[in-house]
Structures are given as C-alpha cells and as structure tokens.
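K.L.:
This is the structure I want to talk about, given as structure tokens.
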Amino acid sequence: MSEDIVFIGCGRITRALVQGLVAAGRPPHTLRGVSRTGAGARVLGAEFGMRVVARAEDAISGAGVVMLAVHPHEAVSALKDIAGAVSTDQLVVSLVASCHTDAVAEALPGPAVVRAVPNVAVAVRTGVTVLSAGPGAGSDELALAEAVFSAVGQVATVPEGMLETVSALSGAGPALTAYFVKALSAAGVAQGLPIATAEVLAAQAIRSTAALLAEEGTTPDDVIDAVASPGGMTEAALFALGERGVPGAVGHALDAAVRLSFGRRITAAAHPVGGS
Ligand SMILES: NC(=O)C1=CN([C@@H]2O[C@H](COP(=O)(O)OP(=O)(O)OC[C@H]3O[C@@H](n4cnc5c(N)ncnc54)[C@H](OP(=O)(O)O)[C@@H]3O)[C@@H](O)[C@H]2O)C=CC1
Ligand SMILES: O=C(O)[C@@H]1CCC=N1
C-alpha cells in the first residue's frame, strides 16, 4: 500500500488540505482526487498538481488513505459508489460532518475508520484537526491519521460523541471568528473610518490577539486585562457587548449548529448504507 491519499470529494476542505499538504512538502502526485462531476478535482489538479482520476475505483486502488470529503447529504451515495473499491489494508478517514463512523464502517466493511474534523486553516498550515477512532481504528491507525494532519497544523483526539460540538466550535470556528472581524470593521466604518483602514485594523486585531494567545500560558482573560484600562474605552465596549448579550448569542450560534448536525445525523441504525 502506498502513502498516497485519495480524496473522495474535492470541494472547500479538500482544497485547503491539498494546499497545506503541498506547502508542507508532500509531492502533489501522492494526492489523488475524484469528485462527482470531476469539476472540483480538475480545479485542484490544475492549481496544485493533484492527480485527477475519473473513476473512484481507479483512484482508490493502491492508496494508503481514503479521505471522504463530501457534504453530509452526499455521503450515503458516495459511500455506495466506493463500496467494493476500498480494501481492508487501507485507512478510511471521514471528514463528513454529522456522519457517525458506524455508518461509514457499515458501508465499507473491513478497513479501519477514523473521523476527522479539520478547519480551513490547514490551507496555511495553522489549522487544528480533531480526530476520533472509529471501528477497527487503534493507535496505529490514529498515528497514521495524525501524521497526515500534523503536517498542516495541530492535532487532538476526542471521543466521537464530542465531534458535533467540535465541528461547530472548531470546524466552523474560522467563519465565526471572521464574522466578528467583519462586524468590528463595519462598526469602525459606521464611526467614520475609511473602509480600507477599518478592514486592515480589524484583521490585524485578530492576528495580534492570536499571536498573544499563542504565548505559553496566556489566556483570553490575560489579553482582556492587558488592554482594558480601568474605567477606559475597552471596559465601556466590553460592557456594551455583555449588555447586548453577545456571550449568549455565541452560545445560541453553537447550539444552532449542533442541533442542525444532530438533526441530519447519519448512523448505521438511522440510515443504513450497507448492502445493495
Ligand atoms: N469546509 C470546511 O471548513 C469543513 C468541512 N467539513 C466537512 O467536509 C465535508 C466536505 O465539505 P466541503 O469541502 O465544504 O464541501 P463542498 O460542498 O465544497 O465539496 C463537496 C465535494 O464533494 C463532491 N461530491 C459530491 N458527491 C460526490 C460523490 N458521490 N462522489 C465523489 N464526490 C462527490 C463534489 O463534487 P463536484 O466536483 O462535482 O462539485 C465536491 O467536490 C462536509 O461533510 C463538511 O461538513 C469538515 C470540517 C471543515
Ligand atoms: O458548515 C459545515 O457544515 C461544515 C462543518 C464544519 C465546517 N463546515
């Protein structure tokens, strides 16, 4: 079995992973992609040199890792398409949100299954990927998955029951954070700043905060304390955020994402994907 990774689905997260892995030095010819219409795969082939393969069975043959990266509503059909092509000595890594590993293992009997929740910052090798061992996956299989994702950021492992919340906090995290940056910038414009200035300052605020938090032992409260002069502007702004219920709104946002994920959950029992 080679060290090749085959991506079943070549959309947003595959793009980010391919970009990050190639930047990390992985030869592009060790990455193969297949997608429903072939459109997504062709884009990544042209942009990063990934091998574009038309038929899933040809793409999967001989690859060490089969990475399932399709939307949850496409998962059952994609699993049916590749059932029979995946062999016992391959590792299946499913990135599919809301899809329990028991459903993947039922559709693809034999190979070990690991579920992974990356975030899009894997593109710039500062992502975080949270892994969970599924059927047949032990320390060797987790180590193989960790070797892939650690090239593009940090890796953590949690029980699968936590992955819906992890997807909401960490998978969606860059979008939620970017939303706040956009709101900060828009608020600056509303106060009279030129839009270009507001955008640069808001984006730099988050880079600066990330750099401070990256210092060993620095907590969000440490950063808040370091900025907020007693009785000053920062305190006034933070008080206003609390008064408008921003922490509650963030909780509401995560709750909405987690509820959606559970509502569309694919499990072996709820959505049988095995058999013909
Ligand atoms: N985007 C993110 O930041 C994250 C995404 N995820 C999860 O990763 C998965 C993929 O997300 P994302 O990349 O955003 O999705 P996209 O919608 O951007 O991409 C989906 C891809 O799947 C392909 N596809 C659809 N059906 C099949 C099939 N039957 N066989 C092969 N390929 C197929 C499409 O092909 P075509 O080329 O025809 O369009 C497309 O390339 C989702 O389950 C998502 O929840 C997890 C963490 C983060
Ligand atoms: O939006 C989504 O459903 C996926 C899961 C986490 C990030 N993207």
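To be explicit about the labels: the chains of the structure tokens are called A, B, and onward in the order shown, and within each one the residues are counted from 1, while ligands get numbers from 1 in the order they are shown.
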As a quick test: using only C-alpha atoms and all ligand atoms, which residues lie no more than 8 Å away from ligand 2? Give them as a PyMOL selection string.
P.N.:
chain A and resi 71+96-97+117+119+167-168+170-173+257+261
K.L.:
Would you output that residue set with N, CA and C atoms, as a PDB file, in the first residue's frame?
P.N.:
```
ATOM      1  N   HIS A  71     -20.292  16.468   1.222  1.00  0.00           N
ATOM      2  CA  HIS A  71     -21.317  17.048   2.084  1.00  0.00           C
ATOM      3  C   HIS A  71     -22.136  15.910   2.713  1.00  0.00           C
ATOM      4  N   VAL A  96     -16.713  13.820   6.933  1.00  0.00           N
ATOM      5  CA  VAL A  96     -18.116  14.180   6.721  1.00  0.00           C
ATOM      6  C   VAL A  96     -18.776  14.546   8.054  1.00  0.00           C
ATOM      7  N   ALA A  97     -19.218  15.779   8.156  1.00  0.00           N
ATOM      8  CA  ALA A  97     -19.897  16.226   9.377  1.00  0.00           C
ATOM      9  C   ALA A  97     -21.168  15.411   9.566  1.00  0.00           C
ATOM     10  N   VAL A 117     -12.154  16.136  12.104  1.00  0.00           N
ATOM     11  CA  VAL A 117     -12.736  17.472  11.897  1.00  0.00           C
ATOM     12  C   VAL A 117     -11.587  18.467  11.774  1.00  0.00           C
ATOM     13  N   ASN A 119     -10.009  22.226  10.327  1.00  0.00           N
ATOM     14  CA  ASN A 119     -10.587  23.523   9.964  1.00  0.00           C
ATOM     15  C   ASN A 119      -9.803  24.082   8.784  1.00  0.00           C
ATOM     16  N   SER A 167     -17.209  20.235  15.694  1.00  0.00           N
ATOM     17  CA  SER A 167     -17.431  20.763  14.333  1.00  0.00           C
ATOM     18  C   SER A 167     -17.956  22.193  14.402  1.00  0.00           C
ATOM     19  N   ALA A 168     -18.878  22.427  15.350  1.00  0.00           N
ATOM     20  CA  ALA A 168     -19.477  23.763  15.478  1.00  0.00           C
ATOM     21  C   ALA A 168     -18.445  24.778  15.964  1.00  0.00           C
ATOM     22  N   SER A 170     -14.869  24.350  16.244  1.00  0.00           N
ATOM     23  CA  SER A 170     -13.553  24.374  15.599  1.00  0.00           C
ATOM     24  C   SER A 170     -13.648  24.325  14.077  1.00  0.00           C
ATOM     25  N   GLY A 171     -14.496  23.417  13.542  1.00  0.00           N
ATOM     26  CA  GLY A 171     -14.662  23.350  12.091  1.00  0.00           C
ATOM     27  C   GLY A 171     -15.216  24.654  11.552  1.00  0.00           C
ATOM     28  N   ALA A 172     -16.259  25.132  12.218  1.00  0.00           N
ATOM     29  CA  ALA A 172     -16.880  26.396  11.802  1.00  0.00           C
ATOM     30  C   ALA A 172     -16.148  27.607  12.385  1.00  0.00           C
ATOM     31  N   GLY A 173     -15.242  27.379  13.333  1.00  0.00           N
ATOM     32  CA  GLY A 173     -14.593  28.469  14.074  1.00  0.00           C
ATOM     33  C   GLY A 173     -14.033  29.600  13.226  1.00  0.00           C
ATOM     34  N   ALA A 257     -25.868  25.248  15.460  1.00  0.00           N
ATOM     35  CA  ALA A 257     -25.033  24.382  14.613  1.00  0.00           C
ATOM     36  C   ALA A 257     -25.091  22.937  15.093  1.00  0.00           C
ATOM     37  N   SER A 261     -26.583  19.618  13.214  1.00  0.00           N
ATOM     38  CA  SER A 261     -25.756  18.427  12.988  1.00  0.00           C
ATOM     39  C   SER A 261     -26.456  17.164  13.486  1.00  0.00           C
TER      40      SER A 261
END
```
K.L.:
Which residues are close to A:Leu212, i.e. within 12 Å by only C-alpha atoms, leaving aside same-chain residues fewer than 3 positions away? Reply as a PyMOL selection string.
P.N.:
chain A and resi 205-209+215-224+226-227
K.L.:
In Å, how far is it from atom CA of A:Leu131 to atom CA of A:Ala249?
P.N.:
27.8 Å
K.L.:
Kindly provide, as a ChimeraX atom specification, all nucleotide and amino acid residues lying within 8 Å of ligand 1, counting only C-alpha atoms and all ligand atoms.
P.N.:
/A:8-15,34-42,56,68-72,74-79,81,95-99,116-120,167,171-172
K.L.:
Among the residues of stretch 52-217 of chain A, find those DSSP assigns to alpha helix (DSSP H) from the backbone and print them as number ranges by chain.
P.N.:
A: 56-60, 72-82, 101-107, 139-150, 163-166, 173-190, 195-213
K.L.:
Compile the contact shell of stretch 145-152 of chain A as a VMD selection string: residues with an atom at most 10 Å away, counting only C-alpha atoms, same-chain residues fewer than 3 positions apart removed.
P.N.:
chain A and resid 3 5 16 to 26 65 91 to 93 114 to 116 118 121 to 133 139 to 142 155 to 157
K.L.:
As number ranges by chain, please: every residue in stretch 39-187 of chain A that a backbone DSSP assignment puts in strand (DSSP E or B).
P.N.:
A: 51-52, 65-68, 91-94, 99, 112-117, 127-133, 153-157
K.L.:
Give me a file of those residues, with N, CA and C atoms, as a PDB file, in the first residue's frame.
P.N.:
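As written to disk, part.pdb reads:
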```
ATOM      1  N   ARG A  51      -3.293  14.563  -8.588  1.00  0.00           N
ATOM      2  CA  ARG A  51      -3.697  13.658  -9.678  1.00  0.00           C
ATOM      3  C   ARG A  51      -5.213  13.564  -9.752  1.00  0.00           C
ATOM      4  N   VAL A  52      -5.749  13.829 -10.914  1.00  0.00           N
ATOM      5  CA  VAL A  52      -7.200  13.804 -11.110  1.00  0.00           C
ATOM      6  C   VAL A  52      -7.559  12.458 -11.731  1.00  0.00           C
ATOM      7  N   VAL A  65      -4.531   5.960   2.188  1.00  0.00           N
ATOM      8  CA  VAL A  65      -5.595   6.638   2.938  1.00  0.00           C
ATOM      9  C   VAL A  65      -6.704   7.061   1.980  1.00  0.00           C
ATOM     10  N   VAL A  66      -7.928   6.715   2.350  1.00  0.00           N
ATOM     11  CA  VAL A  66      -9.094   7.140   1.573  1.00  0.00           C
ATOM     12  C   VAL A  66      -9.809   8.212   2.395  1.00  0.00           C
ATOM     13  N   MET A  67      -9.773   9.438   1.906  1.00  0.00           N
ATOM     14  CA  MET A  67     -10.315  10.578   2.669  1.00  0.00           C
ATOM     15  C   MET A  67     -11.673  10.942   2.092  1.00  0.00           C
ATOM     16  N   LEU A  68     -12.703  10.761   2.897  1.00  0.00           N
ATOM     17  CA  LEU A  68     -14.067  11.032   2.427  1.00  0.00           C
ATOM     18  C   LEU A  68     -14.409  12.479   2.772  1.00  0.00           C
ATOM     19  N   LEU A  91      -6.759   2.857   5.112  1.00  0.00           N
ATOM     20  CA  LEU A  91      -7.376   3.588   6.228  1.00  0.00           C
ATOM     21  C   LEU A  91      -8.399   4.560   5.647  1.00  0.00           C
ATOM     22  N   VAL A  92      -9.627   4.468   6.154  1.00  0.00           N
ATOM     23  CA  VAL A  92     -10.657   5.421   5.726  1.00  0.00           C
ATOM     24  C   VAL A  92     -10.708   6.553   6.747  1.00  0.00           C
ATOM     25  N   VAL A  93     -10.536   7.771   6.273  1.00  0.00           N
ATOM     26  CA  VAL A  93     -10.665   8.947   7.145  1.00  0.00           C
ATOM     27  C   VAL A  93     -11.865   9.731   6.638  1.00  0.00           C
ATOM     28  N   SER A  94     -12.877   9.834   7.481  1.00  0.00           N
ATOM     29  CA  SER A  94     -14.086  10.549   7.074  1.00  0.00           C
ATOM     30  C   SER A  94     -14.100  11.948   7.677  1.00  0.00           C
ATOM     31  N   CYS A  99     -21.797  12.503  10.284  1.00  0.00           N
ATOM     32  CA  CYS A  99     -21.821  11.106   9.829  1.00  0.00           C
ATOM     33  C   CYS A  99     -21.009  10.246  10.792  1.00  0.00           C
ATOM     34  N   ALA A 112     -10.180   0.071   8.702  1.00  0.00           N
ATOM     35  CA  ALA A 112     -10.373   0.890   9.903  1.00  0.00           C
ATOM     36  C   ALA A 112     -10.883   2.267   9.490  1.00  0.00           C
ATOM     37  N   VAL A 113     -11.684   2.855  10.384  1.00  0.00           N
ATOM     38  CA  VAL A 113     -12.272   4.167  10.096  1.00  0.00           C
ATOM     39  C   VAL A 113     -11.883   5.152  11.195  1.00  0.00           C
ATOM     40  N   VAL A 114     -11.374   6.294  10.774  1.00  0.00           N
ATOM     41  CA  VAL A 114     -11.102   7.405  11.695  1.00  0.00           C
ATOM     42  C   VAL A 114     -11.945   8.573  11.214  1.00  0.00           C
ATOM     43  N   ARG A 115     -12.559   9.296  12.159  1.00  0.00           N
ATOM     44  CA  ARG A 115     -13.286  10.515  11.777  1.00  0.00           C
ATOM     45  C   ARG A 115     -12.409  11.710  12.132  1.00  0.00           C
ATOM     46  N   ALA A 116     -12.424  12.711  11.278  1.00  0.00           N
ATOM     47  CA  ALA A 116     -11.569  13.888  11.486  1.00  0.00           C
ATOM     48  C   ALA A 116     -12.361  15.160  11.243  1.00  0.00           C
ATOM     49  N   VAL A 117     -12.154  16.136  12.104  1.00  0.00           N
ATOM     50  CA  VAL A 117     -12.736  17.472  11.897  1.00  0.00           C
ATOM     51  C   VAL A 117     -11.587  18.467  11.774  1.00  0.00           C
ATOM     52  N   GLY A 127      -3.879  25.043  10.958  1.00  0.00           N
ATOM     53  CA  GLY A 127      -5.199  24.507  11.298  1.00  0.00           C
ATOM     54  C   GLY A 127      -5.162  23.726  12.595  1.00  0.00           C
ATOM     55  N   VAL A 128      -6.331  23.215  12.938  1.00  0.00           N
ATOM     56  CA  VAL A 128      -6.400  22.226  14.012  1.00  0.00           C
ATOM     57  C   VAL A 128      -7.349  21.146  13.507  1.00  0.00           C
ATOM     58  N   THR A 129      -6.953  19.905  13.730  1.00  0.00           N
ATOM     59  CA  THR A 129      -7.778  18.776  13.307  1.00  0.00           C
ATOM     60  C   THR A 129      -8.047  17.906  14.521  1.00  0.00           C
ATOM     61  N   VAL A 130      -9.313  17.621  14.749  1.00  0.00           N
ATOM     62  CA  VAL A 130      -9.692  16.788  15.890  1.00  0.00           C
ATOM     63  C   VAL A 130     -10.085  15.412  15.354  1.00  0.00           C
ATOM     64  N   LEU A 131      -9.441  14.379  15.912  1.00  0.00           N
ATOM     65  CA  LEU A 131      -9.630  13.010  15.432  1.00  0.00           C
ATOM     66  C   LEU A 131     -10.425  12.201  16.438  1.00  0.00           C
ATOM     67  N   SER A 132     -11.069  11.168  15.925  1.00  0.00           N
ATOM     68  CA  SER A 132     -11.738  10.210  16.786  1.00  0.00           C
ATOM     69  C   SER A 132     -11.631   8.841  16.144  1.00  0.00           C
ATOM     70  N   ALA A 133     -11.287   7.850  16.940  1.00  0.00           N
ATOM     71  CA  ALA A 133     -11.128   6.494  16.400  1.00  0.00           C
ATOM     72  C   ALA A 133     -12.496   5.858  16.213  1.00  0.00           C
ATOM     73  N   GLY A 153      -0.978  21.495  10.783  1.00  0.00           N
ATOM     74  CA  GLY A 153      -1.457  22.165  11.994  1.00  0.00           C
ATOM     75  C   GLY A 153      -1.453  21.227  13.189  1.00  0.00           C
ATOM     76  N   GLN A 154      -2.165  21.653  14.223  1.00  0.00           N
ATOM     77  CA  GLN A 154      -2.222  20.848  15.447  1.00  0.00           C
ATOM     78  C   GLN A 154      -3.230  19.713  15.297  1.00  0.00           C
ATOM     79  N   VAL A 155      -3.059  18.686  16.129  1.00  0.00           N
ATOM     80  CA  VAL A 155      -3.989  17.552  16.105  1.00  0.00           C
ATOM     81  C   VAL A 155      -4.368  17.205  17.541  1.00  0.00           C
ATOM     82  N   ALA A 156      -5.649  16.940  17.751  1.00  0.00           N
ATOM     83  CA  ALA A 156      -6.126  16.478  19.057  1.00  0.00           C
ATOM     84  C   ALA A 156      -7.035  15.271  18.824  1.00  0.00           C
ATOM     85  N   THR A 157      -7.241  14.483  19.860  1.00  0.00           N
ATOM     86  CA  THR A 157      -8.126  13.322  19.749  1.00  0.00           C
ATOM     87  C   THR A 157      -9.174  13.390  20.854  1.00  0.00           C
TER      88      THR A 157
END
```
K.L.:
Kindly give the distance, in Å, that separates atom CA of A:Ala143 and atom CA of A:Thr88, rounded to a single decimal.
P.N.:
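Computing it gives 17.3 Å between the two atoms.
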K.L.:
I'd like the neighbourhood of A:Ala63 as an MDAnalysis selection string, where a residue qualifies if any of its atoms comes within 8 Å (using only C-alpha atoms), though same-chain residues fewer than 5 positions away should be ignored.
P.N.:
chainID A and resid 1:6 90
